[in-house]
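Structure below is input_23.cif: mmCIF, C-alpha atoms and all ligand atoms.
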data_my_file
#
loop_
_atom_site.label_atom_id
_atom_site.label_comp_id
_atom_site.auth_asym_id
_atom_site.auth_seq_id
_atom_site.Cartn_x
_atom_site.Cartn_y
_atom_site.Cartn_z
CA MET A 312 0.00 0.00 0.00
CA GLN A 313 1.28 3.45 -0.94
CA ILE A 314 0.16 6.11 1.52
CA ALA A 315 1.23 9.74 1.99
CA ASP A 316 3.05 10.69 5.19
CA PHE A 317 0.73 11.60 8.05
CA THR A 318 1.99 15.18 8.20
CA LEU A 319 0.70 16.03 11.68
CA GLU A 320 2.00 12.80 13.24
CA ARG A 321 5.45 13.29 11.62
CA TYR A 322 5.48 16.81 13.12
CA PHE A 323 4.61 15.42 16.56
CA ALA A 324 7.24 12.71 16.18
CA ARG A 325 9.83 15.48 15.67
CA TRP A 326 8.66 17.86 18.42
CA GLU A 327 6.28 16.41 21.01
CA PHE A 328 8.90 15.10 23.41
CA ALA A 329 11.53 17.76 22.66
CA VAL A 330 9.65 20.85 23.87
CA ARG A 331 8.67 22.33 27.25
CA HIS A 332 5.00 22.92 26.44
CA VAL A 333 2.83 21.22 23.82
CA LEU A 334 0.29 24.00 23.31
CA CYS A 335 -1.35 22.11 20.46
CA ALA A 336 -2.09 18.81 22.26
CA SER A 337 -5.54 17.41 21.65
CA ASP A 338 -5.80 15.19 24.73
CA VAL A 339 -6.70 16.07 28.28
CA GLU A 340 -3.94 16.06 30.90
CA PRO A 341 -2.93 12.39 31.18
CA TYR A 342 -3.49 10.43 34.37
CA ARG A 343 -0.58 8.98 36.31
CA LEU A 344 -0.98 5.26 37.06
CA PRO A 345 -1.44 5.54 40.87
CA GLU A 346 -3.98 8.33 40.42
CA LEU A 347 -6.02 6.11 38.07
CA LEU A 348 -5.71 2.95 40.20
CA HIS A 349 -7.00 4.95 43.14
CA LEU A 350 -10.36 5.08 41.30
CA ALA A 351 -10.63 1.29 40.84
CA ASP A 352 -13.69 -0.52 42.14
CA ASP A 353 -13.19 -3.90 43.88
CA ASP A 354 -13.73 -5.95 40.73
CA SER A 355 -11.34 -3.98 38.53
CA ARG A 356 -8.70 -3.85 41.28
CA ARG A 357 -8.91 -7.63 41.54
CA ARG A 358 -8.60 -7.89 37.74
CA TRP A 359 -5.56 -5.59 37.83
CA GLU A 360 -3.78 -7.43 40.63
CA SER A 361 -4.33 -10.91 39.14
CA LEU A 362 -3.89 -9.87 35.50
CA SER A 363 -2.55 -12.49 33.11
CA LEU A 364 -0.23 -10.97 30.54
CA GLY A 365 -1.17 -13.37 27.79
CA TYR A 366 -3.15 -12.71 24.63
CA THR A 367 -6.59 -11.26 25.22
CA GLU A 368 -9.95 -11.82 23.51
CA SER A 369 -9.71 -10.51 19.98
CA GLN A 370 -12.91 -8.46 20.04
CA GLY A 371 -11.91 -6.90 23.37
CA LEU A 372 -12.35 -7.78 27.04
CA PRO A 373 -16.09 -8.58 27.44
CA ALA A 374 -16.45 -6.46 30.62
CA LEU A 375 -14.82 -3.53 28.83
CA ARG A 376 -17.06 -3.87 25.78
CA GLU A 377 -20.06 -3.99 28.10
CA GLU A 378 -18.93 -0.78 29.80
CA ILE A 379 -18.33 0.90 26.43
CA ALA A 380 -21.75 -0.24 25.17
CA SER A 381 -23.37 1.53 28.12
CA LEU A 382 -22.24 4.81 26.50
CA TYR A 383 -24.56 4.08 23.53
CA GLU A 384 -28.30 3.97 23.98
CA GLY A 385 -29.76 0.78 22.57
CA LEU A 386 -26.41 -0.97 21.99
CA THR A 387 -24.92 -4.02 23.71
CA ALA A 388 -21.39 -5.38 24.13
CA ASP A 389 -21.90 -7.33 20.87
CA ASP A 390 -22.07 -4.02 19.01
CA VAL A 391 -18.60 -2.91 20.16
CA LEU A 392 -15.13 -3.83 18.89
CA THR A 393 -11.99 -2.49 20.54
CA PHE A 394 -8.79 -1.46 18.77
CA ALA A 395 -5.33 -0.03 19.40
CA GLY A 396 -6.48 3.57 19.75
CA ALA A 397 -8.96 5.24 17.46
CA GLU A 398 -6.31 5.23 14.76
CA GLU A 399 -6.35 1.47 14.15
CA ALA A 400 -10.14 1.63 14.00
CA VAL A 401 -10.02 4.38 11.35
CA PHE A 402 -7.54 2.41 9.26
CA LEU A 403 -9.53 -0.82 9.40
CA ALA A 404 -12.96 0.80 9.03
CA MET A 405 -11.82 2.42 5.77
CA HIS A 406 -10.51 -0.94 4.56
CA ALA A 407 -13.75 -2.66 5.55
CA THR A 408 -15.97 -0.19 3.70
CA LEU A 409 -14.02 0.99 0.65
CA ARG A 410 -12.61 -0.54 -2.50
CA PRO A 411 -10.66 1.07 -5.37
CA GLY A 412 -12.98 3.30 -7.42
CA ASP A 413 -15.43 3.90 -4.56
CA HIS A 414 -16.20 7.42 -3.44
CA ALA A 415 -15.92 9.00 0.03
CA VAL A 416 -17.22 12.37 1.26
CA VAL A 417 -15.21 13.86 4.12
CA ALA A 418 -15.69 17.10 6.09
CA TRP A 419 -12.48 19.15 6.00
CA PRO A 420 -10.11 20.20 7.58
CA ALA A 421 -9.78 16.80 9.18
CA TYR A 422 -7.44 14.50 11.02
CA GLN A 423 -5.50 13.21 8.03
CA SER A 424 -6.25 9.50 8.35
CA LEU A 425 -9.96 10.28 7.96
CA TYR A 426 -9.36 10.88 4.23
CA GLU A 427 -5.81 9.66 3.48
CA VAL A 428 -6.50 5.97 4.12
CA ALA A 429 -9.43 6.17 1.68
CA ARG A 430 -7.17 7.72 -0.95
CA ALA A 431 -4.52 5.05 -0.40
CA ILE A 432 -7.16 2.35 -0.96
CA GLY A 433 -7.86 3.96 -4.34
CA ALA A 434 -11.12 5.66 -3.44
CA ASP A 435 -11.99 9.05 -4.84
CA VAL A 436 -12.37 11.53 -1.97
CA THR A 437 -14.48 14.69 -1.99
CA LEU A 438 -13.47 17.08 0.79
CA VAL A 439 -16.33 19.32 1.95
CA PRO A 440 -14.82 22.45 3.54
CA LEU A 441 -16.15 23.83 6.81
CA ASN A 442 -17.15 27.51 6.79
CA PRO A 443 -14.23 29.43 8.39
CA ALA A 444 -16.61 32.08 9.76
CA ASP A 445 -17.92 29.64 12.40
CA TRP A 446 -16.49 26.27 11.24
CA SER A 447 -19.98 24.96 10.50
CA LEU A 448 -20.57 22.09 8.07
CA ASP A 449 -22.86 22.73 5.10
CA VAL A 450 -24.92 19.54 5.08
CA ASP A 451 -26.40 20.54 1.71
CA ALA A 452 -22.87 20.42 0.31
CA VAL A 453 -22.50 16.88 1.67
CA ALA A 454 -25.81 15.90 0.02
CA ALA A 455 -24.68 17.51 -3.25
CA ALA A 456 -21.37 15.61 -3.19
CA MET A 457 -23.04 12.19 -3.02
CA ARG A 458 -22.63 9.90 -6.06
CA PRO A 459 -23.91 6.43 -6.88
CA THR A 460 -20.43 5.16 -5.90
CA THR A 461 -20.32 6.93 -2.51
CA ARG A 462 -19.73 4.30 0.16
CA ILE A 463 -18.92 6.46 3.17
CA ILE A 464 -19.50 9.92 4.68
CA VAL A 465 -16.93 10.93 7.29
CA VAL A 466 -17.60 13.58 9.92
CA ASN A 467 -15.94 14.48 13.22
CA SER A 468 -17.81 16.19 16.04
CA PRO A 469 -16.66 17.63 18.41
CA HIS A 470 -14.24 18.64 15.69
CA SER A 471 -10.47 18.80 15.51
CA PRO A 472 -8.88 21.23 14.83
CA THR A 473 -11.72 23.78 15.09
CA GLY A 474 -13.75 22.90 18.21
CA ALA A 475 -16.97 23.01 16.18
CA GLN A 476 -19.94 20.84 17.01
CA LEU A 477 -22.70 19.67 14.67
CA ALA A 478 -26.26 20.57 15.59
CA PRO A 479 -28.46 17.52 16.38
CA GLU A 480 -30.59 18.25 13.27
CA GLN A 481 -27.44 18.25 11.11
CA LEU A 482 -26.44 14.85 12.45
CA SER A 483 -29.96 13.50 11.78
CA ARG A 484 -29.76 14.80 8.22
CA LEU A 485 -26.37 13.19 7.69
CA VAL A 486 -27.84 9.90 8.91
CA SER A 487 -30.72 10.28 6.42
CA ILE A 488 -28.32 11.05 3.56
CA ALA A 489 -26.23 7.98 4.36
CA GLU A 490 -29.34 5.78 4.62
CA LEU A 491 -30.79 7.14 1.38
CA HIS A 492 -27.59 6.32 -0.52
CA ALA A 493 -26.93 3.04 1.31
CA ALA A 494 -23.60 4.56 2.41
CA TRP A 495 -21.95 4.33 5.85
CA LEU A 496 -21.82 7.33 8.15
CA PHE A 497 -18.43 7.21 9.88
CA SER A 498 -18.82 9.49 12.89
CA ASP A 499 -15.54 10.31 14.62
CA GLU A 500 -16.67 11.03 18.17
CA VAL A 501 -13.28 10.84 19.87
CA TYR A 502 -13.83 14.21 21.59
CA ARG A 503 -17.25 13.18 22.93
CA PHE A 504 -17.90 14.10 26.59
CA LEU A 505 -15.95 17.35 26.20
CA GLU A 506 -18.97 19.41 25.16
CA HIS A 507 -18.83 22.72 27.03
CA THR A 508 -20.72 25.34 25.01
CA ALA A 509 -22.72 23.37 22.44
CA PRO A 510 -25.03 20.54 23.53
CA ALA A 511 -23.87 16.92 23.39
CA LEU A 512 -25.03 14.89 20.39
CA PRO A 513 -26.53 11.44 20.42
CA PRO A 514 -23.88 9.00 19.18
CA ALA A 515 -24.45 8.19 15.51
CA ALA A 516 -24.44 4.42 16.12
CA SER A 517 -27.49 4.84 18.35
CA LEU A 518 -29.32 6.65 15.55
CA SER A 519 -28.83 4.25 12.67
CA PRO A 520 -27.56 0.81 11.70
CA ARG A 521 -25.75 2.58 8.81
CA ALA A 522 -23.58 4.53 11.28
CA LEU A 523 -20.27 3.76 12.95
CA SER A 524 -19.33 5.69 16.10
CA LEU A 525 -15.62 6.04 16.80
CA GLY A 526 -14.57 6.39 20.44
CA VAL A 527 -11.32 6.37 22.39
CA MET A 528 -9.79 6.62 25.88
CA SER A 529 -7.29 9.25 24.68
CA LYS A 530 -9.16 12.54 24.88
CA ALA A 531 -11.90 13.07 27.50
CA PHE A 532 -10.57 10.19 29.63
CA GLY A 533 -6.96 11.45 29.68
CA LEU A 534 -5.52 8.02 28.83
CA ALA A 535 -3.97 8.30 25.37
CA GLY A 536 -1.06 6.03 26.30
CA LEU A 537 -3.38 3.06 26.86
CA ARG A 538 -4.07 2.97 23.10
CA ILE A 539 -7.64 1.75 23.54
CA GLY A 540 -10.21 2.88 21.01
CA TRP A 541 -13.38 1.32 19.68
CA VAL A 542 -16.03 1.29 17.03
CA ALA A 543 -19.68 0.95 18.02
CA LEU A 544 -21.88 -0.26 15.17
CA ARG A 545 -24.97 -2.39 14.81
CA ASP A 546 -24.38 -3.93 11.38
CA ARG A 547 -23.29 -7.51 11.94
CA SER A 548 -21.59 -8.19 8.65
CA LEU A 549 -19.50 -5.01 8.74
CA ARG A 550 -18.57 -5.82 12.34
CA ALA A 551 -17.43 -9.29 11.30
CA LYS A 552 -15.33 -7.78 8.51
CA LEU A 553 -13.70 -5.33 10.89
CA ALA A 554 -12.99 -8.08 13.40
CA SER A 555 -11.30 -10.22 10.79
CA LEU A 556 -9.17 -7.32 9.51
CA LYS A 557 -7.86 -6.81 13.04
CA ASP A 558 -6.25 -10.27 12.78
CA TYR A 559 -3.78 -8.65 10.37
CA THR A 560 -2.89 -5.67 12.55
CA THR A 561 -2.90 -6.09 16.33
CA ILE A 562 -4.92 -9.35 16.82
CA CYS A 563 -5.97 -8.25 20.30
CA ASN A 564 -5.56 -5.35 22.71
CA SER A 565 -2.98 -4.89 25.44
CA ALA A 566 -4.22 -6.68 28.58
CA PRO A 567 -3.12 -3.97 31.08
CA SER A 568 -4.69 -1.27 28.91
CA GLU A 569 -8.03 -3.05 28.80
CA VAL A 570 -8.26 -3.28 32.58
CA LEU A 571 -7.10 0.30 33.10
CA SER A 572 -9.74 1.46 30.61
CA LEU A 573 -12.32 -0.50 32.56
CA VAL A 574 -11.23 1.31 35.73
CA ALA A 575 -11.65 4.70 34.07
CA LEU A 576 -14.98 3.94 32.41
CA ARG A 577 -16.49 2.59 35.60
CA SER A 578 -15.39 5.83 37.33
CA ARG A 579 -16.35 8.02 34.41
CA ASP A 580 -18.26 10.55 36.48
CA ARG A 581 -15.11 11.44 38.38
CA VAL A 582 -12.82 11.13 35.35
CA LEU A 583 -14.97 13.39 33.20
CA ALA A 584 -15.48 15.91 36.01
CA ARG A 585 -11.69 16.22 36.24
CA SER A 586 -11.39 16.74 32.45
CA ARG A 587 -14.22 19.26 32.30
CA GLY A 588 -12.71 21.15 35.23
CA ILE A 589 -9.39 21.55 33.37
CA ILE A 590 -11.16 22.56 30.15
CA GLU A 591 -13.40 25.16 31.79
CA LYS A 592 -10.52 26.73 33.69
CA ASN A 593 -8.38 26.89 30.56
CA LEU A 594 -11.19 28.32 28.44
CA SER A 595 -11.59 31.26 30.77
CA VAL A 596 -7.81 31.85 30.58
CA LEU A 597 -8.12 31.77 26.78
CA ASP A 598 -10.98 34.30 26.81
CA THR A 599 -8.73 36.77 28.61
CA PHE A 600 -5.74 35.91 26.41
CA PHE A 601 -7.52 36.41 23.09
CA ALA A 602 -9.14 39.64 24.32
CA ALA A 603 -5.68 40.95 25.26
CA HIS A 604 -4.11 39.98 21.90
CA SER A 605 -6.95 40.81 19.55
CA GLU A 606 -4.72 42.83 17.21
CA GLN A 607 -2.52 39.85 16.45
CA LEU A 608 -4.83 36.88 17.02
CA SER A 609 -8.45 36.06 16.24
CA TRP A 610 -10.45 32.95 17.11
CA VAL A 611 -13.80 31.33 16.67
CA ARG A 612 -14.42 30.31 20.28
CA PRO A 613 -14.66 26.50 20.35
CA ARG A 614 -18.02 24.97 21.27
CA ALA A 615 -16.88 21.47 22.20
CA GLY A 616 -13.75 19.35 22.55
CA SER A 617 -10.26 20.33 23.63
CA VAL A 618 -8.83 22.19 20.60
CA CYS A 619 -9.49 25.36 18.63
CA PHE A 620 -8.13 26.87 15.43
CA PRO A 621 -7.18 30.55 15.91
CA LYS A 622 -5.56 32.74 13.29
CA LEU A 623 -2.43 34.89 13.38
CA ALA A 624 -2.59 38.29 11.66
CA GLY A 625 0.20 39.55 9.43
CA GLN A 626 3.22 37.25 9.41
CA GLY A 627 3.21 33.60 8.31
CA ILE A 628 2.27 31.08 10.98
CA ASP A 629 4.90 28.52 9.94
CA ASP A 630 7.80 30.92 10.58
CA PHE A 631 6.16 32.24 13.74
CA ALA A 632 5.71 28.70 15.13
CA ALA A 633 9.30 27.77 14.20
CA THR A 634 10.79 30.71 16.11
CA LEU A 635 8.34 30.24 19.01
CA VAL A 636 9.47 26.68 19.57
CA GLN A 637 13.14 27.68 19.37
CA ARG A 638 12.90 30.63 21.75
CA GLU A 639 10.21 29.54 24.19
CA GLY A 640 9.97 25.76 23.81
CA VAL A 641 6.24 26.13 23.08
CA LEU A 642 4.76 24.01 20.31
CA LEU A 643 1.92 25.16 18.04
CA LEU A 644 0.48 23.23 15.11
CA PRO A 645 0.27 25.41 11.99
CA ALA A 646 -2.61 24.91 9.54
CA SER A 647 -0.13 23.59 6.96
CA GLN A 648 0.08 20.39 9.05
CA PHE A 649 -3.58 19.84 8.10
CA GLY A 650 -2.88 20.79 4.48
CA TYR A 651 -5.08 23.82 5.23
CA PRO A 652 -4.19 27.21 3.71
CA GLY A 653 -3.61 30.44 5.62
CA ASN A 654 -2.51 31.47 9.08
CA HIS A 655 -4.60 29.29 11.37
CA PHE A 656 -3.00 27.08 14.00
CA ARG A 657 -4.31 24.42 16.38
CA LEU A 658 -4.24 25.28 20.06
CA GLY A 659 -5.15 22.69 22.70
CA TYR A 660 -6.74 23.58 26.03
CA GLY A 661 -6.86 20.19 27.75
CA ARG A 662 -3.46 20.30 29.42
CA SER A 663 -2.71 21.66 32.89
CA ASP A 664 0.36 23.59 31.70
CA MET A 665 -1.64 25.62 29.17
CA PRO A 666 -1.44 28.89 31.16
CA GLN A 667 2.40 28.65 31.34
CA ALA A 668 2.55 27.80 27.62
CA LEU A 669 0.43 30.88 26.87
CA GLU A 670 2.92 33.06 28.76
CA GLY A 671 5.62 31.91 26.32
CA LEU A 672 3.32 32.63 23.39
CA ALA A 673 2.49 36.08 24.79
CA ARG A 674 6.21 36.93 25.14
CA HIS A 675 6.78 35.84 21.56
CA LEU A 676 3.87 37.93 20.30
CA ARG A 677 5.36 40.99 22.05
CA THR A 678 8.68 40.62 20.22
CA ASN A 679 7.18 39.84 16.79
C1 LIG B 701 -10.26 13.56 15.12
C2 LIG B 701 -9.34 12.46 15.56
N1 LIG B 701 -9.64 11.20 15.25
C3 LIG B 701 -8.85 10.18 15.62
C4 LIG B 701 -7.70 10.40 16.35
C5 LIG B 701 -6.83 9.25 16.74
O1 LIG B 701 -6.92 9.01 18.13
P1 LIG B 701 -5.84 8.12 18.87
O2 LIG B 701 -4.54 8.83 18.76
O3 LIG B 701 -6.26 8.07 20.27
O4 LIG B 701 -5.80 6.80 18.23
C6 LIG B 701 -7.34 11.70 16.69
C7 LIG B 701 -6.09 11.96 17.43
O5 LIG B 701 -5.66 13.06 17.67
C8 LIG B 701 -8.19 12.76 16.29
O6 LIG B 701 -7.91 14.04 16.59
#
Please rewrite the model in this file as structure tokens.
Amino acid sequence: MQIADFTLERYFARWEFAVRHVLCASDVEPYRLPELLHLADDDSRRRWESLSLGYTESQGLPALREEIASLYEGLTADDVLTFAGAEEAVFLAMHATLRPGDHAVVAWPAYQSLYEVARAIGADVTLVPLNPADWSLDVDAVAAAMRPTTRIIVVNSPHSPTGAQLAPEQLSRLVSIAELHAAWLFSDEVYRFLEHTAPALPPAASLSPRALSLGVMSKAFGLAGLRIGWVALRDRSLRAKLASLKDYTTICNSAPSEVLSLVALRSRDRVLARSRGIIEKNLSVLDTFFAAHSEQLSWVRPRAGSVCFPKLAGQGIDDFAATLVQREGVLLLPASQFGYPGNHFRLGYGRSDMPQALEGLARHLRTN
């Protein structure tokens, strides 16, 4: 398979662990192991202490799939498959649904794998741009892009990099469009549970058997290093196809990660309260920051998730970000890493060190 470099991930590979502050991270402040284990109920503590480090069940630990299914109205553990992060699920879902010559419609800008895997398979991809005035998706444009060969519509809400959120009526319409064309609706919901300004959406998999909901422990649960993601979907034959593709990638999940995910999901009220607390605190810091720097920076205030996509006035964002990281050790993610034109950059507000990172950015803005 020939596939283009994943630009953003190559950028992170170069910088993420070489800088003082990752001001463009998309996850919430990660848990430390003792802090997470402290939340364990009796059953998951027993599972952790007696854990066998052998292979695990290919579809995912049954208790974990049951806990994940409880996040989806009307779904059961049988409707859930776990993967190594959301990323493996994206890769395999595209392979399970697309063949060379098929067509895919993808909202854009987007996390690159959401369209690049389809291209590498040989599908023709139509990117439907979000409106930069408020980062809304024009659902009419999605409907207009549909062809007889369209096999999949891909959306992401809460959205990275913009922090936009679909309205419930938009999601219902997307479901109807997919159903009408017998296409799949691939709904990337990895930032679910981080809704702060816009209302939460029902997960797509609960709305339709034509929909796949993508979830992960990385973002709202602060556990990216566990590499546990999942797809929730009701269609049995697609699920079987996905399960058999996993035999060629990871076969099964990491046993410690499954149990630690179980711990977090069973304590999700406390885990999500922690994440929302960090996000709310950081958002109010950002309100003050953007008000103070309105001559140099503009933003569409995010409505959900942990990232936003502000814009730098005047100078080019690539050069600005390059000198910022050299002088202040603060990492931004310029729009070019999304293949998106202009002076936008991704800023993350899920990490505890965001206020210190902003101080470095403010100093750099003063001298530029
Ligand atoms: C929109 C989106 N989808 C999928 C992923 C992949 O998630 P993970 O790294 O947890 O596999 C990311 C990661 O940043 C993302 O932003």
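The shortest atom-to-atom distance to ligand LIG 701 (chain B), with all atoms listed in the file taken into account, belongs to A:Glu500 out of A:Asp629, A:Asp435, A:Glu340, A:Glu500.
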Rounded to one decimal place, report the CA of Glu368 (chain A)-CA of Tyr342 (chain A) distance in Å.
->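 Interatomic distance here is 25.6 Å.
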Using 10 Å as the limit and counting all atoms listed in the file, can you tabulate each residue of chain A that touches ligand LIG 701 (chain B), with its shortest atom-to-atom distance in Å and the two atoms involved, as CSV?
residue,atom,partner,partner_atom,distance
A:Leu319,CA,B:LIG701,O5,9.2
A:Glu320,CA,B:LIG701,O5,8.9
A:Ala336,CA,B:LIG701,O5,8.2
A:Ser337,CA,B:LIG701,O5,5.9
A:Asp338,CA,B:LIG701,O5,7.4
A:Phe394,CA,B:LIG701,O4,8.8
A:Ala395,CA,B:LIG701,O4,6.9
A:Gly396,CA,B:LIG701,O4,3.6
A:Ala397,CA,B:LIG701,O4,3.6
A:Glu398,CA,B:LIG701,O4,3.8
A:Glu399,CA,B:LIG701,O4,6.7
A:Ala400,CA,B:LIG701,O4,8.0
A:Val401,CA,B:LIG701,C3,7.3
A:Ala421,CA,B:LIG701,C1,6.8
A:Tyr422,CA,B:LIG701,C1,5.1
A:Gln423,CA,B:LIG701,C2,8.5
A:Ser424,CA,B:LIG701,C3,7.8
A:Leu425,CA,B:LIG701,N1,7.4
A:Val466,CA,B:LIG701,C1,9.0
A:Asn467,CA,B:LIG701,C1,6.1
A:Ser468,CA,B:LIG701,C1,8.0
A:Pro469,CA,B:LIG701,C1,8.3
A:His470,CA,B:LIG701,C1,6.5
A:Ser471,CA,B:LIG701,C1,5.3
A:Pro472,CA,B:LIG701,O6,7.5
A:Ser498,CA,B:LIG701,N1,9.6
A:Asp499,CA,B:LIG701,N1,6.0
A:Glu500,CA,B:LIG701,C1,7.5
A:Val501,CA,B:LIG701,N1,5.9
A:Tyr502,CA,B:LIG701,C1,7.4
A:Leu525,CA,B:LIG701,C3,8.0
A:Gly526,CA,B:LIG701,C3,8.4
A:Val527,CA,B:LIG701,O3,5.7
A:Met528,CA,B:LIG701,O3,6.8
A:Ser529,CA,B:LIG701,O3,4.7
A:Lys530,CA,B:LIG701,O3,7.0
A:Leu534,CA,B:LIG701,O3,8.6
A:Ala535,CA,B:LIG701,O3,5.6
A:Gly536,CA,B:LIG701,O3,8.2
A:Leu537,CA,B:LIG701,O3,8.8
A:Arg538,CA,B:LIG701,O3,6.2
A:Ile539,CA,B:LIG701,O3,7.2
A:Gly540,CA,B:LIG701,O4,6.5
A:Trp541,CA,B:LIG701,O4,9.5
A:Gly616,CA,B:LIG701,O6,9.9
A:Ser617,CA,B:LIG701,O6,9.7
A:Val618,CA,B:LIG701,O6,9.1
Nearest to Arg581 (chain A) among A:Arg638, A:Ala407, A:Gly533, A:Leu344, with distances taken over all atoms listed in the file: which residue is it?
->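 Residue with the minimum atom-to-atom distance to Arg581 (chain A): A:Gly533.
Once Gln313 (chain A) and its same-chain neighbours fewer than 3 positions away are set aside, Asp316, Glu427, Val428, Ala429, Arg430, Ala431, Ile432 and Gly433 of chain A remain within 12 Å of it when counting all atoms listed in the file.
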Give the answer as one residue: which of A:Thr678, A:Ser517, A:Thr408, A:Ser647 has the shortest atom-to-atom distance to Leu553 (chain A), using only C-alpha atoms?
->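 Distance minimum relative to Leu553 (chain A) lands on A:Thr408.
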List every protein, DNA or RNA residue that has at least one atom no more than 7 Å from (-20.1, 4.6, -3.6) in the file's coordinates, counting all atoms listed in the file, and write the result as an MDAnalysis selection string.
-> chainID A and resid 413:414 458:462 494
Point out the residue among A:Val391, A:Ile464, A:Leu448, A:Leu571 with the least atom-to-atom distance to Arg357 (chain A), counting only C-alpha atoms.
->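 Ranked by minimum distance to Arg357 (chain A), first place goes to A:Leu571.
Using only C-alpha atoms, the nearest neighbour of Ala543 (chain A) within the list A:Leu642, A:Ala615, A:Ala456, A:Leu523 is A:Leu523.
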Can you work out the spacing between CA of Lys557 (chain A) and CA of Leu403 (chain A) in Å, to one decimal?
->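 So the two atoms, CA of Lys557 (chain A) and CA of Leu403 (chain A), lie 7.2 Å apart.
Nearest-residue note for Ile589 (chain A): choosing from A:Ala531, A:Leu518, A:Leu347, A:Ala324, the minimum distance belongs to A:Ala531, counting only C-alpha atoms.
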Return as JSON the box centre and box size in Å, one decimal, for an axis-aligned box around all listed atoms of region 538-547 of chain A padded by 5 Å per side.
{"center_x": -14.5, "center_y": -2.3, "center_z": 17.5, "size_x": 30.9, "size_y": 20.5, "size_z": 22.2}
Spatial neighbours of Leu556 (chain A), 9 Å, all atoms listed in the file, chain gap at least 2 places, as number ranges by chain = A: 403-404, 406-407, 551-554, 558-560, 562
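By chain and then residue number, the residues within 7 Å of Arg657 (chain A) are A:Cys335, A:Pro472, A:Val618, A:Cys619, A:Phe620, A:Pro621, A:Leu643, A:Leu644, A:Pro645, counting all atoms listed in the file and disregarding those fewer than 4 positions away in sequence.
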Any idea what's packed within 6 Å of Ala388 (chain A), counting only C-alpha atoms, ignoring anything in its chain fewer than 6 positions away? Could you give it as an MDAnalysis selection string?
-> chainID A and resid 376:377 380
